Amino acid sequence: MITGLIRIDHQPKIAPPQTGELVVVHLEPPLDLIACTGIGSNGSGRVGFKAGSGEGSGPSPKQASGGGGGGDHSPIPAQSGELPQPSEIPAPIPTTPPMNTPALPVTGMDIDPALWKDLKAPVYGDPTSQSRIESKGPGDGGGIGSNNGMGIGDGDGRGFGPGETGNIGGGPKGIGGGGDGAGAGGGIAGQLFRPSEVELRARVLFKPEPQYTEEARRNQTIGTVLLSAVFSNSGQVVQIQAVRTLPFGLTEQAIAAARKIRFEPAMKGGHPVSVVMQLEYNFNLY
């Protein structure tokens, strides 16, 4: 069972190897932490960055779905930025917009135009990220994110977010329609909840230890890395942000370990839902 904060005590691996301990305590993430992980909060639907867009360009109310990802194997989380314009032409997404020249293909994403908005950022990136360091993220495929594809986010494909094969909203690609996002679960599948707001909390199935770096050991570095993350309804840890950091690669090791956590999603109303969490990794030398 998972509550609002997970503490993971970790000791450096010295023969014989030692294991970390998972301590579960009751702590609710603050409201601003939940707010910052929202998607397209200025729209009238569950997803979308254009105000008043609802769930998409379809003729009837329907929940939009899909997602995308990418990266170039960087240990640094994907940078914050805007989404490229919708385009049917697959093309890798650079960290900065290309010069407007007819000789170059237009960088674009597979996303419903009704859900896209020019966010006026100077670089391309994940609008939900808090990182200002230039990075395409740890994934691969030509996009920006932590998984695979020519899109942006924690999913697979040319869309945006934790879903797959394009568009936005989570799960397999699907074009939504205007209205309140009516669909499976009445739209709750795309909402974020606190642990106390769900009926059945997420259950960890696999929790890898972070690696204690040689540089951190040489410098006798100890302390705590605090992360915020979303335990998504797809069973993946996404939208990871560092709240409290440590030097010498320990923050990056904690993020890498958090990304590999596997769990059974929380449940509400008989449907799997996403829950915002805090992860605390304690690094100690003995």
# chains A, B, ... in the order shown; residues from 1 in each chain; ligands from 1
$ residues_around --residues "Gly174 of chain A" --least-positions-apart "4" --cutoff "9 Å" --atoms "only C-alpha atoms" --output "PDB file with C-alpha atoms, in the first residue's frame"
ATOM      1  CA  GLN A  63     -12.588  11.366 -24.069  1.00  0.00           C
ATOM      2  CA  ALA A  64      -9.362  12.106 -25.981  1.00  0.00           C
ATOM      3  CA  SER A  65      -6.518   9.627 -25.558  1.00  0.00           C
ATOM      4  CA  GLY A  66      -2.978   8.918 -26.614  1.00  0.00           C
ATOM      5  CA  GLY A 166      -0.108   9.896 -30.884  1.00  0.00           C
ATOM      6  CA  ASN A 167      -2.510  12.612 -29.668  1.00  0.00           C
ATOM      7  CA  ILE A 168      -2.909  13.327 -25.919  1.00  0.00           C
ATOM      8  CA  GLY A 169      -4.792  12.027 -22.884  1.00  0.00           C
TER       9      GLY A 169
END
$ select_by_dssp --residues "segment 24-264 of chain A" --states "strand (DSSP E or B)" --output "JSON, numbers by chain"
{"A": [24, 25, 58, 62, 65, 66, 67, 68, 69, 71, 82, 86, 109, 124, 138, 140, 144, 145, 148, 152, 153, 154, 155, 156, 157, 158, 159, 160, 161, 162, 164, 166, 167, 168, 170, 171, 172, 173, 174, 177, 192, 193, 200, 203, 204, 205, 206, 223, 224, 225, 226, 227, 228, 229, 230, 231, 237, 238, 239, 240, 241, 242, 243, 244, 262, 263, 264]}
$ atom_distance --atom1 "atom CA of Ser135 of chain A" --atom2 "atom CA of Ser74 of chain A"
6.6 Å
$ residues_around --residues "Leu200 of chain A" --least-positions-apart "5" --cutoff "12 Å" --atoms "only C-alpha atoms" --output "ChimeraX atom specification"
/A:1-3,193-195,264-275
$ atom_distance --atom1 "atom CA of Pro84 of chain A" --atom2 "atom CA of Gly170 of chain A"
18.7 Å
$ atom_distance --atom1 "atom CA of Gly137 of chain A" --atom2 "atom CA of Ala242 of chain A"
14.2 Å
$ closest_residue --among "A:Ala202, A:Met109, A:Met277, A:Leu285" --to "Thr221 of chain A" --atoms "only C-alpha atoms"
A:Leu285
$ residues_around --residues "segment 139-142 of chain A" --least-positions-apart "5" --cutoff "10 Å" --atoms "only C-alpha atoms" --output "ChimeraX atom specification"
/A:69-75,77-78,90-94,147-158
$ write_last_selection --atoms "N, CA and C atoms" --output "PDB file, in the first residue's frame"
ATOM      1  N   GLY A  69       6.462  10.303 -26.646  1.00  0.00           N
ATOM      2  CA  GLY A  69       7.683  10.412 -25.864  1.00  0.00           C
ATOM      3  C   GLY A  69       8.891  10.512 -26.764  1.00  0.00           C
ATOM      4  N   GLY A  70      10.051  10.410 -26.171  1.00  0.00           N
ATOM      5  CA  GLY A  70      11.292  10.509 -26.922  1.00  0.00           C
ATOM      6  C   GLY A  70      12.466  10.675 -25.993  1.00  0.00           C
ATOM      7  N   GLY A  71      13.541  11.262 -26.504  1.00  0.00           N
ATOM      8  CA  GLY A  71      14.733  11.488 -25.720  1.00  0.00           C
ATOM      9  C   GLY A  71      15.988  11.094 -26.459  1.00  0.00           C
ATOM     10  N   ASP A  72      17.151  11.369 -25.831  1.00  0.00           N
ATOM     11  CA  ASP A  72      18.429  10.983 -26.418  1.00  0.00           C
ATOM     12  C   ASP A  72      19.365  10.373 -25.374  1.00  0.00           C
ATOM     13  N   HIS A  73      18.770   9.651 -24.425  1.00  0.00           N
ATOM     14  CA  HIS A  73      19.508   8.928 -23.385  1.00  0.00           C
ATOM     15  C   HIS A  73      20.247   9.859 -22.430  1.00  0.00           C
ATOM     16  N   SER A  74      19.788  11.070 -22.276  1.00  0.00           N
ATOM     17  CA  SER A  74      20.400  11.999 -21.328  1.00  0.00           C
ATOM     18  C   SER A  74      20.004  11.623 -19.898  1.00  0.00           C
ATOM     19  N   PRO A  75      20.921  11.734 -18.920  1.00  0.00           N
ATOM     20  CA  PRO A  75      20.554  11.454 -17.527  1.00  0.00           C
ATOM     21  C   PRO A  75      19.732  12.571 -16.898  1.00  0.00           C
ATOM     22  N   PRO A  77      16.464  15.119 -16.718  1.00  0.00           N
ATOM     23  CA  PRO A  77      15.064  15.096 -17.162  1.00  0.00           C
ATOM     24  C   PRO A  77      14.829  16.017 -18.355  1.00  0.00           C
ATOM     25  N   ALA A  78      13.785  15.728 -19.101  1.00  0.00           N
ATOM     26  CA  ALA A  78      13.449  16.531 -20.282  1.00  0.00           C
ATOM     27  C   ALA A  78      13.215  17.988 -19.894  1.00  0.00           C
ATOM     28  N   PRO A  90       6.211  13.048 -39.960  1.00  0.00           N
ATOM     29  CA  PRO A  90       7.090  12.675 -38.851  1.00  0.00           C
ATOM     30  C   PRO A  90       8.456  13.340 -39.002  1.00  0.00           C
ATOM     31  N   ALA A  91       8.939  13.936 -37.922  1.00  0.00           N
ATOM     32  CA  ALA A  91      10.249  14.572 -37.945  1.00  0.00           C
ATOM     33  C   ALA A  91      10.774  14.653 -36.519  1.00  0.00           C
ATOM     34  N   PRO A  92      12.080  14.434 -36.304  1.00  0.00           N
ATOM     35  CA  PRO A  92      12.651  14.558 -34.960  1.00  0.00           C
ATOM     36  C   PRO A  92      12.424  15.957 -34.399  1.00  0.00           C
ATOM     37  N   ILE A  93      12.299  16.044 -33.092  1.00  0.00           N
ATOM     38  CA  ILE A  93      12.069  17.328 -32.426  1.00  0.00           C
ATOM     39  C   ILE A  93      13.386  17.825 -31.828  1.00  0.00           C
ATOM     40  N   PRO A  94      13.907  18.956 -32.277  1.00  0.00           N
ATOM     41  CA  PRO A  94      15.130  19.497 -31.691  1.00  0.00           C
ATOM     42  C   PRO A  94      14.830  20.197 -30.365  1.00  0.00           C
ATOM     43  N   ASN A 147      10.587   8.035 -22.739  1.00  0.00           N
ATOM     44  CA  ASN A 147      10.255   6.724 -23.283  1.00  0.00           C
ATOM     45  C   ASN A 147      10.735   6.647 -24.731  1.00  0.00           C
ATOM     46  N   ASN A 148       9.843   6.469 -25.698  1.00  0.00           N
ATOM     47  CA  ASN A 148      10.301   6.277 -27.071  1.00  0.00           C
ATOM     48  C   ASN A 148       9.355   6.943 -28.063  1.00  0.00           C
ATOM     49  N   GLY A 149       9.933   7.577 -29.087  1.00  0.00           N
ATOM     50  CA  GLY A 149       9.106   8.133 -30.145  1.00  0.00           C
ATOM     51  C   GLY A 149       9.563   9.504 -30.584  1.00  0.00           C
ATOM     52  N   MET A 150       8.794  10.095 -31.504  1.00  0.00           N
ATOM     53  CA  MET A 150       9.047  11.456 -31.991  1.00  0.00           C
ATOM     54  C   MET A 150       8.041  12.420 -31.378  1.00  0.00           C
ATOM     55  N   GLY A 151       7.636  12.147 -30.152  1.00  0.00           N
ATOM     56  CA  GLY A 151       6.718  13.022 -29.449  1.00  0.00           C
ATOM     57  C   GLY A 151       7.375  13.627 -28.225  1.00  0.00           C
ATOM     58  N   ILE A 152       6.558  14.020 -27.272  1.00  0.00           N
ATOM     59  CA  ILE A 152       7.044  14.631 -26.039  1.00  0.00           C
ATOM     60  C   ILE A 152       6.299  14.027 -24.860  1.00  0.00           C
ATOM     61  N   GLY A 153       7.039  13.629 -23.824  1.00  0.00           N
ATOM     62  CA  GLY A 153       6.402  13.130 -22.618  1.00  0.00           C
ATOM     63  C   GLY A 153       6.930  11.788 -22.177  1.00  0.00           C
ATOM     64  N   ASP A 154       6.114  11.079 -21.396  1.00  0.00           N
ATOM     65  CA  ASP A 154       6.507   9.806 -20.804  1.00  0.00           C
ATOM     66  C   ASP A 154       5.905   8.610 -21.528  1.00  0.00           C
ATOM     67  N   GLY A 155       5.299   8.831 -22.687  1.00  0.00           N
ATOM     68  CA  GLY A 155       4.664   7.738 -23.410  1.00  0.00           C
ATOM     69  C   GLY A 155       5.473   7.280 -24.605  1.00  0.00           C
ATOM     70  N   ASP A 156       4.783   6.689 -25.575  1.00  0.00           N
ATOM     71  CA  ASP A 156       5.403   6.195 -26.806  1.00  0.00           C
ATOM     72  C   ASP A 156       4.662   6.769 -28.007  1.00  0.00           C
ATOM     73  N   GLY A 157       5.419   7.259 -28.974  1.00  0.00           N
ATOM     74  CA  GLY A 157       4.779   7.732 -30.189  1.00  0.00           C
ATOM     75  C   GLY A 157       5.022   9.202 -30.452  1.00  0.00           C
ATOM     76  N   ARG A 158       4.188   9.784 -31.323  1.00  0.00           N
ATOM     77  CA  ARG A 158       4.377  11.154 -31.783  1.00  0.00           C
ATOM     78  C   ARG A 158       3.453  12.153 -31.106  1.00  0.00           C
TER      79      ARG A 158
END
$ closest_residue --among "A:Ile240, A:Ile144, A:Val204, A:Ile255" --to "Val123 of chain A" --atoms "only C-alpha atoms"
A:Ile144
$ residues_around --residues "Ala258 of chain A" --least-positions-apart "3" --cutoff "12 Å" --atoms "only C-alpha atoms" --output "ChimeraX atom specification"
/A:6-8,204,206-211,225-231,236-242,251-255,261-263,277-281
$ residues_around --residues "Ile222 of chain A" --least-positions-apart "2" --cutoff "9 Å" --atoms "only C-alpha atoms" --output "PyMOL selection string"
chain A and resi 216-217+220+224+246+282-285
$ closest_residue --among "A:Gly48, A:Gly163, A:Gly81, A:Gly108" --to "Ser129 of chain A" --atoms "only C-alpha atoms"
A:Gly81
$ closest_residue --among "A:Leu119, A:Val198, A:Ile111, A:Ile89" --to "Gly56 of chain A" --atoms "only C-alpha atoms"
A:Ile111
$ select_by_dssp --residues "segment 34-268 of chain A" --states "alpha helix (DSSP H)" --output "list in words"
Ile34, Ala35, Glu214, Glu215, Ala216, Arg217, Arg218, Leu250, Thr251, Glu252, Gln253, Ala254, Ile255, Ala256, Ala257, Ala258 and Arg259 of chain A
$ closest_residue --among "A:Ser131, A:Asn219, A:Thr165, A:Ser232" --to "Leu192 of chain A" --atoms "only C-alpha atoms"
A:Ser232
